[in-house]
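Source file: run_14.csv; contents: CSV, C-alpha atoms and all ligand atoms.
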chain,number,residue,atom,x,y,z
A,1,MET,CA,-128.7,268.4,-19.9
A,2,LYS,CA,-128.3,265.2,-18.0
A,3,ILE,CA,-124.8,264.6,-16.6
A,4,SER,CA,-123.8,261.0,-16.6
A,5,GLN,CA,-121.7,259.7,-13.7
A,6,VAL,CA,-119.7,257.5,-16.0
A,7,ASP,CA,-119.0,260.4,-18.4
A,8,LEU,CA,-117.5,262.4,-15.5
A,9,ILE,CA,-115.2,259.5,-14.6
A,10,LYS,CA,-114.2,259.1,-18.3
A,11,GLN,CA,-113.5,262.9,-18.5
A,12,TYR,CA,-111.1,262.7,-15.5
A,13,PHE,CA,-109.2,259.8,-16.9
A,14,VAL,CA,-109.0,261.3,-20.4
A,15,GLU,CA,-107.6,264.5,-18.9
A,16,ASN,CA,-105.0,262.5,-17.0
A,17,PRO,CA,-103.8,259.9,-19.5
A,18,ASN,CA,-101.0,257.4,-19.1
A,19,ARG,CA,-100.9,257.8,-15.3
A,20,ASP,CA,-101.7,255.3,-12.6
A,21,ILE,CA,-104.6,256.7,-10.6
A,22,ALA,CA,-105.7,255.4,-7.2
A,23,HIS,CA,-109.3,255.1,-6.3
A,24,PRO,CA,-109.5,257.9,-3.6
A,25,GLU,CA,-108.1,260.5,-6.0
A,26,ILE,CA,-110.8,259.9,-8.7
A,27,VAL,CA,-113.6,259.3,-6.2
A,28,ASP,CA,-112.9,262.6,-4.4
A,29,TRP,CA,-112.9,264.5,-7.7
A,30,VAL,CA,-116.0,263.0,-9.3
A,31,THR,CA,-118.0,263.1,-6.0
A,32,PHE,CA,-117.1,266.9,-5.7
A,33,GLU,CA,-117.8,267.7,-9.4
A,34,TYR,CA,-121.0,265.7,-9.6
A,35,GLU,CA,-122.4,267.4,-6.6
A,36,LYS,CA,-121.3,270.8,-7.9
A,37,LEU,CA,-123.0,270.2,-11.3
A,38,THR,CA,-126.2,268.4,-10.2
A,39,GLY,CA,-126.6,269.0,-6.5
A,40,GLU,CA,-126.8,265.2,-6.0
A,41,LYS,CA,-124.6,262.7,-4.4
A,42,PHE,CA,-122.7,260.3,-6.6
A,43,ARG,CA,-124.1,256.9,-5.9
A,44,ASP,CA,-121.4,254.3,-6.5
A,45,PRO,CA,-118.2,255.5,-8.2
A,46,ASP,CA,-116.4,252.3,-7.5
A,47,ARG,CA,-118.8,250.3,-9.5
A,48,SER,CA,-118.6,252.7,-12.4
A,49,ILE,CA,-114.8,252.5,-12.5
A,50,ARG,CA,-114.8,248.7,-12.4
A,51,LYS,CA,-117.3,248.7,-15.2
A,52,LEU,CA,-115.1,250.9,-17.4
A,53,ALA,CA,-112.2,248.5,-16.7
A,54,GLN,CA,-114.4,245.5,-17.7
A,55,GLU,CA,-115.4,247.3,-20.9
A,56,GLY,CA,-111.7,247.9,-21.7
A,57,PHE,CA,-111.8,251.7,-21.4
A,58,LEU,CA,-109.5,251.6,-18.4
A,59,ILE,CA,-106.6,249.3,-17.5
A,60,LYS,CA,-106.6,247.8,-14.0
A,61,VAL,CA,-103.0,248.2,-12.8
A,62,SER,CA,-103.5,246.7,-9.4
A,63,LYS,CA,-106.2,246.6,-6.7
A,64,GLY,CA,-107.8,250.1,-6.7
A,65,ILE,CA,-105.4,251.6,-9.2
A,66,TYR,CA,-106.5,252.3,-12.8
A,67,ARG,CA,-105.0,253.8,-15.9
A,68,TYR,CA,-106.2,255.3,-19.1
A,69,GLU,CA,-104.1,254.7,-22.2
A,70,PRO,CA,-105.6,256.4,-25.3
A,71,ASP,CA,-104.0,254.0,-27.8
A,72,ALA,CA,-104.9,250.9,-25.9
A,73,ALA,CA,-108.5,252.0,-25.4
A,74,HIS,CA,-108.9,252.9,-29.0
A,75,LYS,CA,-107.4,249.6,-30.2
A,76,ARG,CA,-109.7,247.6,-27.9
A,77,ASN,CA,-112.8,249.2,-29.5
A,78,LEU,CA,-111.4,248.4,-32.9
A,79,GLU,CA,-111.3,244.7,-31.9
A,80,ASP,CA,-115.0,244.5,-31.2
A,81,PHE,CA,-117.0,242.6,-33.8
A,82,THR,CA,-119.2,244.9,-35.8
A,83,PRO,CA,-122.9,244.0,-36.2
A,84,SER,CA,-122.4,242.8,-39.8
A,85,GLN,CA,-119.4,240.6,-38.7
A,86,LYS,CA,-121.6,239.1,-36.0
A,87,LYS,CA,-124.3,238.4,-38.5
A,88,ALA,CA,-121.8,236.7,-40.8
A,89,ILE,CA,-120.4,234.5,-38.0
A,90,PHE,CA,-124.0,233.5,-36.9
A,91,GLU,CA,-124.8,232.5,-40.5
A,92,ARG,CA,-121.5,230.7,-41.1
A,93,ASP,CA,-122.0,228.6,-37.9
A,94,GLY,CA,-125.7,228.1,-38.3
A,95,TYR,CA,-126.5,229.7,-34.9
A,96,GLU,CA,-124.9,226.7,-33.2
A,97,CYS,CA,-123.0,227.0,-29.9
A,98,ALA,CA,-119.4,226.0,-30.5
A,99,ARG,CA,-119.0,224.5,-27.1
A,100,CYS,CA,-122.2,222.5,-26.4
A,101,GLY,CA,-123.7,222.3,-29.9
A,102,LYS,CA,-127.1,223.7,-28.9
A,103,THR,CA,-129.0,225.9,-31.3
A,104,LYS,CA,-131.7,228.4,-31.1
A,105,LYS,CA,-134.2,225.5,-31.6
A,106,ASP,CA,-132.9,223.7,-28.4
A,107,TYR,CA,-132.8,226.9,-26.4
A,108,PRO,CA,-135.4,229.3,-27.8
A,109,SER,CA,-135.3,231.7,-24.8
A,110,THR,CA,-131.5,231.7,-24.5
A,111,GLU,CA,-129.3,234.5,-25.9
A,112,PHE,CA,-126.5,233.5,-28.3
A,113,HIS,CA,-123.3,235.5,-28.4
A,114,ILE,CA,-120.4,236.1,-30.7
A,115,ASP,CA,-117.2,235.3,-28.7
A,116,HIS,CA,-113.5,236.0,-29.5
A,117,LEU,CA,-111.8,232.6,-29.8
A,118,VAL,CA,-108.6,234.3,-28.7
A,119,PRO,CA,-109.6,236.9,-26.2
A,120,LYS,CA,-109.0,240.6,-26.9
A,121,ASP,CA,-106.8,240.8,-23.8
A,122,ASP,CA,-104.5,238.2,-25.4
A,123,GLY,CA,-104.3,240.1,-28.7
A,124,GLY,CA,-107.4,238.4,-30.3
A,125,LYS,CA,-108.5,240.4,-33.4
A,126,ALA,CA,-112.0,241.2,-34.7
A,127,ILE,CA,-111.7,239.0,-37.8
A,128,LEU,CA,-114.3,236.4,-38.8
A,129,GLU,CA,-111.8,233.5,-38.2
A,130,ASN,CA,-111.5,234.6,-34.5
A,131,GLY,CA,-115.3,234.6,-34.0
A,132,GLN,CA,-117.4,231.8,-32.6
A,133,VAL,CA,-121.0,231.4,-31.5
A,134,LEU,CA,-121.6,230.6,-27.8
A,135,CYS,CA,-124.9,230.2,-26.0
A,136,SER,CA,-125.1,232.4,-22.9
A,137,ARG,CA,-124.5,229.5,-20.5
A,138,CYS,CA,-121.2,228.5,-22.3
A,139,ASN,CA,-120.3,232.2,-22.7
A,140,PHE,CA,-120.7,232.6,-19.0
A,141,ILE,CA,-118.6,229.6,-18.2
A,142,LYS,CA,-115.9,230.7,-20.6
A,143,LYS,CA,-115.8,234.2,-19.1
A,144,ASN,CA,-115.6,232.8,-15.6
A,145,THR,CA,-113.4,229.8,-16.3
A,146,LYS,CA,-110.4,231.2,-14.5
A,147,GLN,CA,-112.4,231.9,-11.4
A,148,THR,CA,-114.1,228.5,-11.4
A,149,ALA,CA,-110.7,226.8,-12.0
A,150,THR,CA,-109.5,228.5,-8.9
A,151,GLY,CA,-112.6,227.3,-7.0
A,152,LYS,CA,-112.3,223.7,-8.2
A,153,LYS,CA,-108.6,223.5,-7.3
A,154,MET,CA,-109.3,224.9,-3.9
A,155,PHE,CA,-112.0,222.3,-3.2
A,156,VAL,CA,-109.9,219.5,-4.6
A,157,ASN,CA,-107.1,220.5,-2.1
A,158,LEU,CA,-109.6,220.9,0.7
A,159,TYR,CA,-111.1,217.5,-0.1
A,160,GLU,CA,-107.7,215.8,0.0
A,161,TYR,CA,-106.9,217.5,3.3
A,162,ALA,CA,-110.3,216.5,4.9
A,163,LYS,CA,-109.8,213.0,3.7
A,164,LYS,CA,-106.3,212.8,5.3
A,165,GLU,CA,-107.6,214.4,8.6
A,166,GLY,CA,-110.7,212.1,8.6
A,167,ASN,CA,-113.0,215.1,8.7
A,168,GLU,CA,-116.1,213.5,7.2
A,169,GLU,CA,-118.3,216.6,7.3
A,170,VAL,CA,-115.9,218.8,5.3
A,171,LYS,CA,-115.1,215.9,3.0
A,172,GLN,CA,-118.8,215.4,2.2
A,173,PHE,CA,-119.2,219.2,1.6
A,174,CYS,CA,-116.4,219.2,-0.9
A,175,GLU,CA,-117.7,216.1,-2.6
A,176,ASP,CA,-121.1,217.6,-3.1
A,177,LEU,CA,-119.6,220.8,-4.6
A,178,LEU,CA,-117.1,218.9,-6.8
A,179,ASN,CA,-119.9,216.7,-8.1
A,180,VAL,CA,-121.6,219.8,-9.4
A,181,PHE,CA,-118.4,220.7,-11.3
A,182,GLU,CA,-118.3,217.2,-12.8
A,183,LYS,CA,-122.0,217.1,-13.6
A,184,HIS,CA,-121.8,220.3,-15.7
A,185,ASP,CA,-118.3,219.5,-17.1
A,186,ILE,CA,-116.8,222.7,-15.8
A,187,ASN,CA,-113.0,222.7,-15.7
A,188,GLY,CA,-112.8,219.0,-16.6
A,189,HIS,CA,-109.0,219.4,-17.0
A,190,ILE,CA,-108.6,219.7,-13.3
A,191,GLU,CA,-108.4,216.2,-11.9
A,192,TRP,CA,-110.3,215.2,-8.8
A,193,LYS,CA,-109.4,211.8,-7.4
A,194,LYS,CA,-112.4,210.5,-5.5
B,1,ZN,ZN,-123.5,226.3,-25.3

Just dump the structure as structure tokens.
Amino acid sequence: MKISQVDLIKQYFVENPNRDIAHPEIVDWVTFEYEKLTGEKFRDPDRSIRKLAQEGFLIKVSKGIYRYEPDAAHKRNLEDFTPSQKKAIFERDGYECARCGKTKKDYPSTEFHIDHLVPKDDGGKAILENGQVLCSRCNFIKKNTKQTATGKKMFVNLYEYAKKEGNEEVKQFCEDLLNVFEKHDINGHIEWKK
């Protein structure tokens, strides 16, 4: 029988529900158990824990602290689209990306995804009305939009500062970066005054 590292982490959280658990506690336990069971070292428990949080199995309480809530984990799974719902949404929208309007014909090698219009984290449900088609590029941008917004804001501020200080090198650097944001229409709502 093959023992999966992720399954061990899950087991620990399931046996300790509704409690904030800090990284060292779980890492110590799984490393010990894994070695006892398999004779091998556990490779990267941190990564597995982060992955479980991304999948919605665990709740990230704060940096390095995670929590398993049986009801929430169960509910999150319920809010995933089923394969037949995905098929229905693809067919309804003609396999066309809701953001850039590209279709399979335009992007034959690109993957198309079904996305929650209102994210699951914000209470978005797995109903057809809450589904939309996104190409993988737009899906990626949507998923990372909060991070890119932070990035754009930071460089807009740095640009302003460099302009005021007369630091041409930094100003040019920010300009180059911000032009990439503008070119690809990423976070267009954040204003950059050239
Ligand atoms: Zn797209």

Range 169-173 of chain A surroundings by all atoms listed in the file, 12 Å radius, close-in-sequence under 2 positions cut, as a list in words: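 Here the qualifying residues turn out to be Phe155, Val156, Asn157, Leu158, Tyr159, Glu160, Tyr161, Ala162, Lys163, Lys164, Glu165, Gly166, Asn167, Glu175, Asp176, Leu177, Leu178, Asn179, Val180 and Lys194 of chain A.
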
Residue among A:Gln132, A:Asn187, A:Thr150, A:Ser48 lying closest to ligand ZN 1 (chain B), counting only C-alpha atoms and all ligand atoms: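 Residue with the minimum atom-to-atom distance to ligand ZN 1 (chain B): A:Gln132.
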
Surrounding residues of Thr31 in chain A excluding itself and chain neighbours under 2 positions, 12 Å, only C-alpha atoms, as a list in words: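 The filter keeps Gln5, Val6, Leu8, Ile9, Tyr12, His23, Pro24, Glu25, Ile26, Val27, Asp28, Trp29, Glu33, Tyr34, Glu35, Lys36, Leu37, Thr38, Gly39, Glu40, Lys41, Phe42, Arg43, Asp44, Pro45 and Asp46 of chain A.
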
Within-7 Å residues of ligand ZN 1 (chain B), basis all atoms listed in the file, as JSON, numbers by chain: {"A": [97, 98, 99, 100, 101, 102, 134, 135, 136, 137, 138]}

Can you write out as a tab-separated table which residues of range 64-169 of chain A fall within 9 Å of range 17-20 of chain A, alongside each residue's closest atom pair and its distance in Å to one decimal, counting all atoms listed in the file and ordering rows by chain and ascending residue number?
residue	atom	partner	partner_atom	distance
A:Ile65	CA	A:Asp20	CA	6.2
A:Tyr66	CA	A:Asp20	CA	5.7
A:Arg67	CA	A:Asp20	CA	4.9
A:Tyr68	CA	A:Pro17	CA	5.2
A:Glu69	CA	A:Asn18	CA	5.1
A:Pro70	CA	A:Pro17	CA	7.0

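Ranking A:Gly188, A:Gly151, A:Gly131, A:Gly56 by their shortest atom-to-atom distance to Ile89 in chain A, with only C-alpha atoms included, puts A:Gly131 first.
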
Separation of CA of Ile141 in chain A from CA of Ala53 in chain A in Å: 20.0 Å

Residue nearest Phe81 in chain A - candidates A:Glu129, A:Glu111, A:Glu15, A:Glu182, atoms counted: all atoms listed in the file: A:Glu129

Straight-line distance linking CA of Asp106 in chain A with CA of Asn144 in chain A, stated in Å to one decimal: 23.4 Å

Point-to-point distance in Å for CA of Ile186 in chain A and CA of Cys174 in chain A: 15.3 Å

Residue nearest Leu78 in chain A - candidates A:Lys183, A:Lys120, A:Lys104, A:Arg92, atoms counted: only C-alpha atoms: A:Lys120

Because the input lacks atoms here, generate N, CA and C atoms for range 87-107 of chain A and report them as a compact mmCIF listing (two decimals), in the frame of the given file.
# COMPACT_ATOMS: atom_id res chain seq x y z
N LYS A 87 -123.32 239.02 -37.65
CA LYS A 87 -124.30 238.40 -38.50
C LYS A 87 -123.67 237.29 -39.37
N ALA A 88 -122.51 237.66 -39.93
CA ALA A 88 -121.80 236.70 -40.80
C ALA A 88 -121.37 235.46 -40.05
N ILE A 89 -120.91 235.64 -38.82
CA ILE A 89 -120.40 234.50 -38.00
C ILE A 89 -121.64 233.61 -37.62
N PHE A 90 -122.74 234.25 -37.21
CA PHE A 90 -124.00 233.50 -36.90
C PHE A 90 -124.37 232.63 -38.09
N GLU A 91 -124.36 233.26 -39.27
CA GLU A 91 -124.80 232.50 -40.50
C GLU A 91 -123.83 231.43 -40.85
N ARG A 92 -122.54 231.70 -40.74
CA ARG A 92 -121.50 230.70 -41.10
C ARG A 92 -121.69 229.47 -40.16
N ASP A 93 -121.94 229.71 -38.87
CA ASP A 93 -122.00 228.60 -37.90
C ASP A 93 -123.40 228.09 -37.63
N GLY A 94 -124.34 228.58 -38.40
CA GLY A 94 -125.70 228.10 -38.30
C GLY A 94 -126.30 228.30 -36.88
N TYR A 95 -125.94 229.41 -36.24
CA TYR A 95 -126.50 229.70 -34.90
C TYR A 95 -126.30 228.58 -33.93
N GLU A 96 -125.17 227.89 -34.02
CA GLU A 96 -124.90 226.70 -33.20
C GLU A 96 -123.80 227.02 -32.18
N CYS A 97 -124.02 226.76 -30.90
CA CYS A 97 -123.00 227.00 -29.90
C CYS A 97 -121.79 226.12 -30.15
N ALA A 98 -120.60 226.76 -30.20
CA ALA A 98 -119.40 226.00 -30.50
C ALA A 98 -118.97 225.06 -29.42
N ARG A 99 -119.46 225.30 -28.21
CA ARG A 99 -119.00 224.50 -27.10
C ARG A 99 -119.98 223.31 -26.82
N CYS A 100 -121.30 223.58 -26.76
CA CYS A 100 -122.20 222.50 -26.40
C CYS A 100 -123.07 222.04 -27.55
N GLY A 101 -122.96 222.73 -28.70
CA GLY A 101 -123.70 222.30 -29.90
C GLY A 101 -125.17 222.60 -29.91
N LYS A 102 -125.62 223.32 -28.89
CA LYS A 102 -127.10 223.70 -28.90
C LYS A 102 -127.34 224.79 -29.85
N THR A 103 -128.56 224.79 -30.38
CA THR A 103 -129.00 225.90 -31.30
C THR A 103 -130.15 226.61 -30.72
N LYS A 104 -130.56 227.61 -31.46
CA LYS A 104 -131.70 228.40 -31.10
C LYS A 104 -132.97 227.50 -30.87
N LYS A 105 -133.02 226.42 -31.66
CA LYS A 105 -134.20 225.50 -31.60
C LYS A 105 -134.18 224.80 -30.21
N ASP A 106 -132.97 224.41 -29.73
CA ASP A 106 -132.90 223.70 -28.40
C ASP A 106 -133.16 224.71 -27.28
N TYR A 107 -132.67 225.93 -27.45
CA TYR A 107 -132.80 226.90 -26.40
C TYR A 107 -133.43 228.20 -26.91
